[in-house]
Each structure stands twice: as structure tokens, then as C-alpha cells.
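**Q** Structure: structure-v5.txt, compact mmCIF, C-alpha atoms.
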# COMPACT_ATOMS: atom_id res chain seq x y z
CA MET J 1 0.00 0.00 0.00
CA ASP J 2 1.73 3.15 -1.25
CA ILE J 3 1.42 6.41 0.65
CA GLU J 4 1.77 9.70 -1.25
CA HIS J 5 2.19 13.19 0.14
CA ILE J 6 -0.32 15.30 -1.75
CA GLY J 7 -0.63 19.06 -1.59
CA MET J 8 -3.48 20.30 0.60
CA HIS J 9 -4.61 22.63 -2.20
CA LEU J 10 -5.34 19.63 -4.49
CA ILE J 11 -7.65 17.85 -2.06
CA ASP J 12 -11.42 18.39 -1.76
CA GLU J 13 -13.79 17.18 0.95
CA ASP J 14 -16.60 14.83 -0.02
CA THR J 15 -19.86 16.60 0.81
CA ASP J 16 -21.83 13.36 0.31
CA GLN J 17 -19.86 11.37 2.85
CA PRO J 18 -21.74 9.95 5.90
CA ARG J 19 -19.98 12.07 8.48
CA TYR J 20 -20.68 15.77 8.52
CA GLN J 21 -20.80 16.71 12.23
CA PHE J 22 -17.48 17.74 13.72
CA ASP J 23 -17.11 18.76 17.33
CA GLU J 24 -14.95 21.85 17.64
CA GLU J 25 -13.37 20.80 20.91
CA ALA J 26 -12.45 17.40 19.50
CA LEU J 27 -10.91 19.10 16.44
CA GLU J 28 -8.81 21.32 18.68
CA GLU J 29 -7.51 18.30 20.55
CA LEU J 30 -6.68 16.50 17.29
CA MET J 31 -4.90 19.56 15.95
CA LYS J 32 -2.70 19.76 19.07
CA SER J 33 -1.91 16.05 18.81
CA ILE J 34 -0.82 16.41 15.15
CA GLU J 35 1.24 19.47 16.00
CA GLU J 36 3.10 17.62 18.75
CA ILE J 37 3.60 14.12 17.35
CA GLY J 38 2.53 14.38 13.73
CA LEU J 39 -0.21 12.59 11.77
CA LEU J 40 -0.15 8.92 12.72
CA SER J 41 -2.59 7.63 10.07
CA PRO J 42 -2.85 8.77 6.44
CA ILE J 43 -6.15 9.79 4.91
CA LYS J 44 -7.66 7.98 1.93
CA VAL J 45 -8.52 9.75 -1.32
CA ARG J 46 -9.56 8.95 -4.87
CA LYS J 47 -8.55 10.76 -8.04
CA THR J 48 -11.18 12.77 -9.94
CA PRO J 49 -11.30 13.39 -13.72
CA ASP J 50 -10.09 16.98 -13.32
CA GLY J 51 -6.79 15.84 -11.79
CA ARG J 52 -7.78 16.64 -8.22
CA TYR J 53 -8.42 14.31 -5.26
CA LYS J 54 -11.56 13.75 -3.16
CA ILE J 55 -11.42 12.43 0.38
CA ILE J 56 -12.90 8.97 1.00
CA TYR J 57 -12.24 9.09 4.74
CA GLY J 58 -10.06 11.20 7.05
CA ASN J 59 -11.97 14.49 6.97
CA ARG J 60 -11.14 15.34 10.61
CA ARG J 61 -7.42 14.77 10.04
CA TYR J 62 -7.61 16.87 6.88
CA LYS J 63 -9.39 19.71 8.72
CA ALA J 64 -6.93 19.63 11.63
CA SER J 65 -3.96 19.67 9.21
CA LEU J 66 -5.56 22.56 7.32
CA MET J 67 -5.86 24.52 10.59
CA LEU J 68 -2.12 23.94 11.09
CA ASN J 69 -1.39 25.22 7.55
CA LYS J 70 0.29 21.96 6.59
CA PRO J 71 1.41 22.12 2.91
CA THR J 72 0.92 18.42 2.27
CA ILE J 73 -0.76 15.44 3.91
CA PRO J 74 0.03 11.70 3.62
CA CYS J 75 -2.61 9.93 1.52
CA ILE J 76 -3.60 6.48 0.31
CA VAL J 77 -4.88 6.82 -3.25
CA SER J 78 -7.71 4.44 -4.06
CA THR J 79 -8.50 3.20 -7.55
CA VAL J 80 -12.09 2.18 -6.68
CA THR J 81 -14.72 3.95 -8.77
CA ASP J 82 -17.95 2.17 -7.73
CA GLU J 83 -20.11 4.56 -5.69
CA MET J 84 -21.58 1.77 -3.57
CA GLU J 85 -18.16 0.40 -2.63
CA ILE J 86 -16.83 3.87 -1.80
CA TYR J 87 -19.83 4.74 0.40
CA LEU J 88 -19.71 1.40 2.23
CA GLU J 89 -15.99 1.95 2.86
CA GLN J 90 -16.70 5.41 4.24
CA ILE J 91 -19.33 4.05 6.63
CA ALA J 92 -17.15 1.13 7.74
CA GLU J 93 -14.24 3.47 8.47
CA ASN J 94 -16.35 5.96 10.41
CA LEU J 95 -17.94 3.21 12.50
CA THR J 96 -14.49 2.58 13.96
CA ARG J 97 -13.84 6.25 14.65
CA GLN J 98 -14.82 8.35 17.64
CA GLY J 99 -17.45 11.00 17.13
CA PHE J 100 -19.52 9.30 14.42
CA SER J 101 -22.95 10.26 15.77
CA PRO J 102 -25.97 7.91 15.86
CA ILE J 103 -27.94 10.25 13.62
CA GLU J 104 -25.13 10.23 11.02
CA GLU J 105 -25.21 6.43 11.06
CA ALA J 106 -28.98 6.43 10.68
CA GLU J 107 -28.90 8.78 7.73
CA ALA J 108 -26.14 6.74 6.04
CA PHE J 109 -28.12 3.50 6.44
CA HIS J 110 -31.29 5.16 5.20
CA LYS J 111 -29.46 6.56 2.18
CA LEU J 112 -28.11 3.15 1.19
CA MET J 113 -31.55 1.51 1.46
CA HIS J 114 -33.67 4.22 -0.20
CA GLU J 115 -31.64 6.17 -2.72
CA SER J 116 -31.99 4.79 -6.24
CA LYS J 117 -28.26 4.67 -6.94
CA PHE J 118 -27.78 2.29 -3.97
CA ASN J 119 -31.14 0.63 -3.25
CA SER J 120 -29.64 -1.88 -0.82
CA SER J 121 -31.52 -4.30 1.39
CA LEU J 122 -31.28 -4.52 5.16
CA LYS J 123 -29.83 -8.00 4.91
CA PHE J 124 -27.16 -6.83 2.41
CA LEU J 125 -26.05 -3.98 4.66
CA SER J 126 -25.92 -6.27 7.67
CA SER J 127 -23.59 -8.67 5.86
CA LYS J 128 -21.38 -5.94 4.35
CA LEU J 129 -20.97 -3.88 7.53
CA GLY J 130 -20.94 -6.73 10.03
CA LYS J 131 -23.81 -5.24 12.03
CA PRO J 132 -27.00 -7.05 13.16
CA GLU J 133 -30.16 -6.12 11.29
CA SER J 134 -31.73 -4.95 14.57
CA TYR J 135 -28.82 -2.51 15.04
CA ILE J 136 -29.45 -0.92 11.64
CA LYS J 137 -33.24 -0.83 12.15
CA ASN J 138 -32.92 0.87 15.54
CA LYS J 139 -30.60 3.50 14.10
CA CYS J 140 -33.11 4.28 11.36
CA GLU J 141 -35.86 4.73 13.97
CA LEU J 142 -34.03 7.89 15.10
CA LEU J 143 -35.00 9.54 11.83
CA LYS J 144 -38.63 9.71 13.02
CA PHE J 145 -37.74 12.70 15.19
CA GLY J 146 -37.52 16.33 14.11
CA ASN J 147 -34.36 18.33 13.50
CA ALA J 148 -34.43 19.96 16.96
CA VAL J 149 -34.30 16.53 18.55
CA LYS J 150 -31.74 15.13 16.10
CA LYS J 151 -29.25 17.87 17.00
CA MET J 152 -29.34 16.71 20.63
CA ILE J 153 -28.56 13.07 19.86
CA VAL J 154 -25.14 12.00 21.08
CA SER J 155 -23.18 8.76 21.24
CA GLY J 156 -22.83 6.76 24.42
CA THR J 157 -25.17 6.10 27.31
CA ASP J 158 -24.38 8.95 29.70
CA ILE J 159 -27.47 11.04 30.56
CA ARG J 160 -26.74 14.74 30.21
CA LYS J 161 -28.91 17.82 30.35
CA ASP J 162 -30.01 19.05 26.91
CA LYS J 163 -28.58 15.92 25.28
CA LEU J 164 -30.24 12.70 24.21
CA THR J 165 -28.93 9.16 23.93
CA GLU J 166 -30.38 6.45 21.72
CA ASP J 167 -31.63 4.61 24.80
CA GLN J 168 -33.60 7.68 25.86
CA LEU J 169 -35.16 8.18 22.43
CA LEU J 170 -36.06 4.67 21.32
CA PRO J 171 -38.91 4.21 23.87
CA LEU J 172 -40.60 7.25 22.28
CA LYS J 173 -40.33 6.10 18.66
CA ASP J 174 -43.88 4.67 18.54
CA VAL J 175 -45.58 7.55 20.36
CA ALA J 176 -47.97 9.54 18.17
CA VAL J 177 -46.11 12.13 16.10
CA GLU J 178 -47.92 15.07 17.74
CA PHE J 179 -46.44 14.11 21.13
CA ARG J 180 -43.14 12.47 20.17
CA ASP J 181 -40.78 15.45 19.77
CA ALA J 182 -42.24 17.39 22.71
CA LEU J 183 -41.62 14.45 25.03
CA ALA J 184 -38.09 13.99 23.65
CA LEU J 185 -37.29 17.63 24.37
CA THR J 186 -38.72 17.25 27.89
CA ALA J 187 -36.51 14.20 28.43
CA ALA J 188 -33.46 16.21 27.31
CA ARG J 189 -34.33 19.28 29.38
CA ASP J 190 -34.92 17.32 32.59
CA ALA J 191 -32.24 14.64 31.90
CA LEU J 192 -34.76 11.87 32.44
CA SER J 193 -33.50 8.33 32.99
CA VAL J 194 -34.34 5.60 30.50
CA PRO J 195 -36.82 3.85 32.87
CA ASP J 196 -38.65 7.16 33.39
CA VAL J 197 -38.84 7.77 29.64
CA LYS J 198 -40.30 4.28 29.21
CA LYS J 199 -43.02 5.04 31.77
CA ILE J 200 -43.93 8.29 30.03
CA ALA J 201 -43.98 6.58 26.63
CA LYS J 202 -46.29 3.88 27.99
CA MET J 203 -48.64 6.52 29.36
CA PHE J 204 -48.82 8.38 26.03
CA LYS J 205 -49.46 5.13 24.13
CA ASP J 206 -52.33 4.23 26.47
CA LYS J 207 -55.56 4.16 24.43
CA ASP J 208 -57.65 4.70 27.57
CA ILE J 209 -56.25 8.23 27.88
CA SER J 210 -57.80 10.73 25.48
CA ASP J 211 -55.68 12.83 23.11
CA SER J 212 -56.96 16.01 24.75
CA MET J 213 -55.71 14.79 28.13
CA LYS J 214 -52.35 13.86 26.59
CA GLY J 215 -52.13 17.34 25.10
CA LYS J 216 -52.55 18.84 28.57
CA LEU J 217 -49.91 16.52 29.99
CA LEU J 218 -47.33 17.97 27.58
CA PHE J 219 -47.22 21.11 29.71
CA LYS J 220 -45.92 19.15 32.69
CA SER J 221 -42.26 18.71 33.52
CA GLY J 222 -40.56 15.34 33.49
CA PRO J 223 -40.93 14.70 37.26
CA GLU J 224 -44.58 15.80 37.10
CA LEU J 225 -45.22 13.35 34.28
CA ILE J 226 -43.69 10.54 36.33
CA GLU J 227 -45.90 11.48 39.30
CA THR J 228 -48.97 11.47 37.03
CA TRP J 229 -48.00 8.04 35.72
CA SER J 230 -47.68 6.70 39.27
CA VAL J 231 -51.12 8.03 40.26
CA MET J 232 -52.71 6.52 37.15
CA GLN J 233 -51.08 3.16 37.83
CA SER J 234 -52.29 3.22 41.44
CA ASN J 235 -55.85 4.08 40.38
CA ARG J 236 -55.81 1.38 37.74
CA ALA J 237 -54.61 -1.19 40.28
CA GLU J 238 -57.45 -0.21 42.64
CA ARG J 239 -60.03 -0.54 39.88
CA ALA J 240 -58.62 -3.90 38.87
CA LYS J 241 -58.77 -5.10 42.47
CA ALA J 242 -62.39 -3.96 42.85
CA ALA J 243 -63.33 -5.64 39.57
CA ALA J 244 -61.66 -8.87 40.68
CA GLU J 245 -63.54 -8.84 43.99
CA LYS J 246 -66.84 -8.18 42.20
CA ALA J 247 -66.18 -11.03 39.78
CA GLU J 248 -65.30 -13.32 42.68
CA LYS J 249 -68.56 -12.47 44.48
CA ALA J 250 -70.58 -12.99 41.32
CA LEU J 251 -68.92 -16.37 40.82
CA ALA J 252 -69.68 -17.39 44.41
CA ALA J 253 -73.33 -16.33 44.01
CA GLN J 254 -73.57 -18.31 40.78
CA GLU J 255 -72.13 -21.38 42.46
CA ARG J 256 -74.63 -21.05 45.33
CA GLU J 257 -77.48 -20.70 42.87
CA GLU J 258 -76.37 -23.76 40.93
CA ALA J 259 -76.06 -25.74 44.17
CA ALA J 260 -79.59 -24.69 45.18
CA ARG J 261 -80.95 -25.75 41.79
CA ALA J 262 -79.18 -29.10 42.06
CA GLU J 263 -80.58 -29.63 45.56
CA ALA J 264 -84.09 -28.76 44.36
CA ALA J 265 -83.71 -31.21 41.49
CA ARG J 266 -82.59 -33.95 43.87
CA ALA J 267 -85.52 -33.21 46.21
CA ALA J 268 -87.98 -33.31 43.32
CA GLU J 269 -86.53 -36.59 42.13
CA GLU J 270 -86.80 -38.05 45.64
CA GLY J 271 -90.41 -36.81 45.95
CA THR J 272 -91.29 -38.43 42.64
CA ARG J 273 -89.75 -41.70 43.78
CA VAL J 274 -91.63 -41.69 47.12
CA GLU J 275 -94.90 -40.81 45.42
CA ALA J 276 -94.47 -43.65 42.94
CA ALA J 277 -93.82 -46.04 45.82
CA ARG J 278 -96.99 -44.87 47.58
CA VAL J 279 -99.10 -45.31 44.49
CA GLU J 280 -97.71 -48.78 43.98
CA ALA J 281 -98.39 -49.67 47.67
CA VAL J 282 -102.07 -48.67 47.38
CA ALA J 283 -102.73 -50.01 43.88
CA ALA J 284 -101.43 -53.53 44.54
CA PRO J 285 -103.75 -54.37 47.51
CA ALA J 286 -106.75 -52.85 45.70
CA GLU J 287 -106.14 -54.98 42.64
CA ARG J 288 -105.79 -58.11 44.80
CA ALA J 289 -109.00 -57.26 46.68
CA ALA J 290 -110.89 -56.76 43.42
CA SER J 291 -109.75 -60.12 42.10
CA VAL J 292 -110.71 -61.91 45.31
CA ALA J 293 -114.14 -60.22 45.55
CA ALA J 294 -115.18 -61.26 42.02
CA PRO J 295 -117.88 -64.04 42.42
CA SER J 296 -118.12 -67.36 40.59
CA PRO J 297 -121.44 -68.04 38.80
CA ALA J 298 -124.12 -67.39 41.60
CA GLY J 299 -125.27 -69.09 44.83
CA GLU J 300 -124.64 -69.25 48.48
CA GLY J 301 -122.51 -72.39 48.20
CA ALA J 302 -119.95 -70.73 45.92
CA LEU J 303 -119.87 -67.58 48.06
CA ALA J 304 -119.52 -69.61 51.24
CA ALA J 305 -116.61 -71.54 49.75
CA ALA J 306 -114.80 -68.31 48.74
CA ALA J 307 -115.50 -66.30 51.91
CA PRO J 308 -112.76 -67.68 54.23
CA ALA J 309 -109.96 -67.18 51.71
CA GLU J 310 -111.24 -63.73 50.75
CA ALA J 311 -111.40 -62.64 54.37
CA ALA J 312 -107.80 -63.71 54.93
CA GLY J 313 -106.57 -61.86 51.81
CA VAL J 314 -108.41 -58.64 52.61
CA GLY J 315 -107.19 -58.70 56.20
CA ALA J 316 -103.57 -58.82 55.01
CA ALA J 317 -104.15 -55.99 52.55
CA ALA J 318 -105.76 -53.76 55.17
CA ALA J 319 -102.61 -53.91 57.27
CA GLN J 320 -100.65 -51.84 54.68
CA PRO J 321 -100.64 -47.94 54.66
CA ALA J 322 -103.71 -46.29 53.07
CA ALA J 323 -102.11 -43.49 51.02
CA ALA J 324 -101.62 -42.89 47.29
CA GLY J 325 -101.15 -40.10 44.71
CA ALA J 326 -103.98 -38.47 42.85
CA SER J 327 -102.92 -40.01 39.57
CA ALA J 328 -103.54 -43.62 40.87
CA ALA J 329 -106.59 -43.02 43.11
CA ALA J 330 -109.38 -43.22 40.50
CA GLU J 331 -108.46 -46.66 39.17
CA PRO J 332 -108.40 -48.55 42.56
CA ALA J 333 -111.65 -46.81 43.59
CA ALA J 334 -113.42 -47.93 40.42
CA ALA J 335 -112.09 -51.46 40.88
CA LEU J 336 -113.34 -51.60 44.48
CA ALA J 337 -116.73 -50.24 43.50
CA GLY J 338 -117.03 -52.94 40.84
CA ALA J 339 -116.03 -55.61 43.37
CA LEU J 340 -118.71 -54.48 45.82
CA GLN J 341 -121.31 -54.42 43.04
CA GLN J 342 -120.38 -57.97 42.05
CA LEU J 343 -120.55 -59.07 45.69
CA LEU J 344 -124.05 -57.65 46.12
CA SER J 345 -125.29 -59.18 42.88
CA ALA J 346 -124.03 -62.56 43.98
CA LEU J 347 -126.25 -62.54 47.08
CA PRO J 348 -129.74 -64.05 46.54
CA ALA J 349 -132.81 -61.86 46.92
CA LEU J 350 -134.44 -62.11 50.36
CA PRO J 351 -137.90 -63.81 50.42
CA ALA J 352 -140.91 -61.68 51.20
CA GLY J 353 -142.58 -63.93 53.81
CA GLU J 354 -141.68 -64.12 57.48
CA ALA J 355 -141.42 -67.88 57.33
CA GLN J 356 -138.88 -67.59 54.64
CA LEU J 357 -136.97 -64.94 56.65
CA ALA J 358 -136.97 -67.19 59.66
CA GLY J 359 -135.69 -70.03 57.54
CA MET J 360 -132.89 -67.85 56.18
CA ALA J 361 -131.96 -66.81 59.73
CA ARG J 362 -131.78 -70.42 60.83
CA ALA J 363 -129.65 -71.22 57.80
CA VAL J 364 -127.28 -68.39 58.61
CA GLN J 365 -127.12 -69.39 62.28
CA ALA J 366 -126.53 -72.98 61.26
CA ASP J 367 -123.37 -71.91 59.49
CA ALA J 368 -121.66 -69.60 62.01
CA ALA J 369 -118.34 -69.85 60.20
CA PHE J 370 -119.85 -68.52 56.99
CA ALA J 371 -121.46 -65.59 58.82
CA ARG J 372 -118.25 -64.69 60.59
CA ASP J 373 -116.15 -64.80 57.43
CA LEU J 374 -118.67 -62.79 55.51
CA HIS J 375 -118.73 -60.12 58.24
CA VAL J 376 -114.93 -59.84 58.19
CA LEU J 377 -114.91 -59.54 54.41
CA VAL J 378 -117.43 -56.72 54.42
CA GLN J 379 -115.54 -54.86 57.17
CA GLN J 380 -112.27 -55.09 55.29
CA LEU J 381 -113.85 -53.91 52.07
CA GLU J 382 -115.40 -50.94 53.86
CA GLN J 383 -112.02 -50.02 55.39
CA GLN J 384 -110.36 -50.22 52.00
CA LEU J 385 -113.11 -48.09 50.49
CA ASP J 386 -112.66 -45.44 53.22
CA ALA J 387 -108.93 -45.37 52.58
CA LEU J 388 -109.41 -44.85 48.86
CA LYS J 389 -111.91 -42.06 49.50
CA LYS J 390 -109.29 -40.27 51.61
CA VAL J 391 -106.80 -40.64 48.78
CA GLN J 392 -109.34 -39.17 46.36
CA ALA J 393 -109.96 -36.25 48.70
CA LEU J 394 -106.21 -35.64 49.07
CA ALA J 395 -105.74 -35.70 45.30
CA ALA J 396 -108.61 -33.27 44.79
CA ALA J 397 -107.11 -30.90 47.37
CA GLN J 398 -103.72 -30.90 45.57
Can you present the structure in this file as C-alpha cells?
**A**
Amino acid sequence: MDIEHIGMHLIDEDTDQPRYQFDEEALEELMKSIEEIGLLSPIKVRKTPDGRYKIIYGNRRYKASLMLNKPTIPCIVSTVTDEMEIYLEQIAENLTRQGFSPIEEAEAFHKLMHESKFNSSLKFLSSKLGKPESYIKNKCELLKFGNAVKKMIVSGTDIRKDKLTEDQLLPLKDVAVEFRDALALTAARDALSVPDVKKIAKMFKDKDISDSMKGKLLFKSGPELIETWSVMQSNRAERAKAAAEKAEKALAAQEREEAARAEAARAAEEGTRVEAARVEAVAAPAERAASVAAPSPAGEGALAAAAPAEAAGVGAAAAQPAAAGASAAAEPAAALAGALQQLLSALPALPAGEAQLAGMARAVQADAAFARDLHVLVQQLEQQLDALKKVQALAAAQ
């Protein structure tokens, strides 16, 4: 790599290069360093068609040498003519140098991706410059702010009054444009910490706060905005707590209501089961009594033969409970009425004469067993009939 000493009067600065901000104090320090120990690194230039030279990188060293009235400066002369390659080399060199501001980086990246003569992709720049895509994207986000804010952007992470770091600005990048710059200037004026800026940004992105309220908040100082944020967070936490308690109470009430409905359903089911059992208990004896009371063809002999067994069956049926539901009461009652009617029709008609009556009495007395059994049968049938009448009355009342 050859180094040539070229006259200062033949060299021109590149106005399109990425770096254009030069701190005066830093230039003074560089000038003193060159004056004392000389220029340690040559600048790089390329030759132009008119026989002159244009700086690729080394503008600060050129300016400091010019301030010292140096007649010549050591240079590396490049033969590259491709604009893309030259610009990428300028960016890569400046990224290694002190004082290359974040906003200068952002503008250089934006230029490479959007100007027609470059039209590079994010992925291409990342591979060429050795920087993550997220790094390049975050730098470009700084271009969302106005010129007044851009002038305050400095490198590093130190928080200083009336200066802004990338970390301070990036939380505000998605705030509505009408609030973004004002909040950035407030952060610079009050030297707000990054966590405080994040809180303010979150408050101004809150959709529950109206734009008119946000406009009024812009008149507050940084500490006042932080206090407002704290109050809003406290109020929101209280509302959330109250809502949670209300929801918990509503859930408990719903569970109680569901339990009550389940208990009512179980009680109804149990009532239906008991009622069915009662109906079955009443209907079965009545059906048996009706079948026993039905006579065979006619005559005292047949009735006398059936009376003892009938009396025993009815006596057993009368020992069971006399209760039933309204839905089963009509059928046993009709059956019993039919049985009684059949019983009466089976009895022979009494004779009209006294002699005949006396003869019937003697016949009845002669067969005491028949009379006793017949009496028991009639009593049991009457008891059963009374029980069924009570069931009918209960059903009618319900």
C-alpha cells in the first residue's frame, strides 16, 4: 500500500460522505496532537477526472492539518470507482472512529436503502458492515424525530442535560407524532432516565387516555409526568382489584345458585320416587281385593266356599298404609266399587214372607263360620273403600 504526500490545495472534501458533524473541541484536541507528534494515520482519497483528489475518509485529520497550515498530507490513493463500494468503505471506516454520531449512522443506512443509486436491502447492509439487522433498524428509527431533537442526539449512554442518547429516544419512537418530539425535548431538558422515559412513553401510548388529556400533559415537567403516571397506575390497580372482587362475588353467588338448583332437582326426584312407591303400595292391595271379591257363577254355596280365603286376603291388605297419589286413586276406587257391586249381585234376593226370613236366619245361624267370614270380608272392604276415599280427597285438594 503506497502512501503519497499530496498538496493540501489539491484535495477536496466529499460533501456526500456519511460524516458531517465535527465537534470543535475534538478538532482542537486532534490539531494539538498532530502538531506535537505528527499525523499517525494517512487519509484515503480517490482521483477525480479533473486531476484533483476527493477524500474517501479522514476528513477530521484533513481539517486539523488545514488549521495547522500543513502544505501536504500523507494519503492512500484508491482506484475504486464504484459509488456503492466507496460509500460502504466510508461508513465502515467511520464506525471505527470516535465521534460518528448515531444520527449520522442512521442517515447513512437510510441513504443506502432508499436512494436509487444504492437501493440496498437490510440484509445486504448487515452482511457488508458486520452489524446485526436490529442494530441498523434501531438507528433508522431515530429519523422519526424532528431536527431539533436530532441535534441533541449524542453517542454513548451517559445522561446529560439538553442531550439525548439512543436509549432515551427509542422508547418514544412509537408515540404519536404530535407528542413524540415534545416528550423527547422534555426528556433532554430534565435529563430523564431511560426507565422514566419508558413510563412516560407507555402513558402516552395508552388508548384509555384521550388525546386532549395527553395534550394537557405535555405542559408538565418530566418529574410531574412521572408522578402522574404513578397516580394513574395506582388508580388502575385499585379498579382492577375492585373488579376482581366483584367477579369473585358474582362467581360465588352463581355457584350457590347452581347448588340450590341441584338440591331442588334432587328433592324433586326423591319426591317423585316416594310418590311412585306410595301409588304402587295402594294399587297392589286394591287390585288383589278386586280379584278376590269377584264371584263365581251365583249361589250361596260358591260364596260360602270363597269367603274364608277372601277374608284372609283382605285382612292382610288392610294392614298396609292407606295413602296414594292423585294419579292412581281413580283406578283402585273404580275397581273396588265394581267388586262391591259384584258381591251384592251374587247374594240371593231375600224372600218376602216371614217364614222364609226365619228359615234364612236359621240357615245363617246354622253356618256360624260362613257368617263370621262374611262379616270380616265386608268390614275389610269398607275399610279399603274409606282409605281410597281419603286418597281421592287428598288428590282433589292438591
**Q** Between CA of Leu385 in chain J and CA of Val279 in chain J, what distance in Å does the model show, to one decimal?
**A** 15.5 Å
**Q** Between J:Asp162, J:Glu28, J:Asp14, J:Glu255, which has the minimum distance to Tyr57 in chain J (counting only C-alpha atoms)?
**A**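 Of J:Asp162, J:Glu28, J:Asp14, J:Glu255, the one nearest Tyr57 in chain J is J:Asp14, counting only C-alpha atoms.
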**Q** If I take CA of Asp208 in chain J and CA of Gln233 in chain J, how far is one from the other in Å, to one decimal?
**A** 12.3 Å
**Q** Between J:Lys214, J:Arg266, J:Lys63, J:His5, which is the closest to Asp23 in chain J once you count all atoms listed in the file?
**A**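 Between J:Lys214, J:Arg266, J:Lys63, J:His5, the residue approaching Asp23 in chain J most closely is J:Lys63.
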**Q** Using CA of Glu35 in chain J and CA of Met8 in chain J as the two end points, give the distance in Å to one decimal.
**A**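 So the answer is 16.1 Å.
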**Q** Name all residues at most 9 Å from range 110-117 of chain J (count all atoms listed in the file; drop same-chain ones fewer than 6 positions away) and give them as a list in words.
**A** Glu83, Met84, Tyr87, Leu88, Leu125, Cys140 and Leu143 of chain J
**Q** Write out as a ChimeraX atom specification the residues lying within 8 Å of Gly58 in chain J, counting all atoms listed in the file and excluding same-chain residues fewer than 4 positions away.
**A** /J:42-44,62
**Q** Identify which of the residues J:Asn147, J:Gln380, J:Ser33, J:Ser134 lies closest to Ile103 in chain J, counting all atoms listed in the file when measuring atom-to-atom distances.
**A**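 Under the stated criterion, the closest residue is J:Asn147.
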**Q** Quick one: residues within 9 Å of Leu95 in chain J, all atoms listed in the file, excluding same-chain residues fewer than 5 positions away - as a PDB file with C-alpha atoms, in the frame of the given file?
**A**
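Final output, saved to around.pdb:
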ATOM      1  CA  GLN J  90     -16.700   5.410   4.240  1.00  0.00           C
ATOM      2  CA  PHE J 100     -19.520   9.300  14.420  1.00  0.00           C
ATOM      3  CA  GLU J 105     -25.210   6.430  11.060  1.00  0.00           C
TER       4      GLU J 105
END
**Q** Neighbourhood query: residues within 8 Å of (-27.8, 4.1, 13.5), file coordinates, counting all atoms listed in the file; return as JSON, numbers by chain.
**A** {"J": [102, 103, 104, 105, 106, 107, 109, 135, 136, 137, 138, 139, 140, 142]}
**Q** Given all atoms listed in the file as the basis, pick out the residue of J:Met232, J:Leu66, J:Ile56, J:Leu27 nearest to His9 in chain J.
**A**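 Among the listed residues, the smallest separation from His9 in chain J belongs to J:Leu66.
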**Q** Nearest to Arg19 in chain J: which of J:Ala242, J:Ala108, J:Met31, J:Leu39 is it, counting only C-alpha atoms?
**A**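 Of all the options, J:Ala108 lies closest to Arg19 in chain J.
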**Q** Find the residues near Ala201 in chain J: any atom within 7 Å, counting all atoms listed in the file, skip ones fewer than 4 places away on the same chain, and give them as a PyMOL selection string.
**A** chain J and resi 171-172+175+197+205
**Q** Would you mind listing what lies within 9 Å of range 182-186 of chain J as a PyMOL selection string, with all atoms listed in the file counted and same-chain residues fewer than 2 positions away left out?
**A** chain J and resi 145+148-149+152+162-164+168-169+172+178-180+188-192+197+200-201+218+220-222
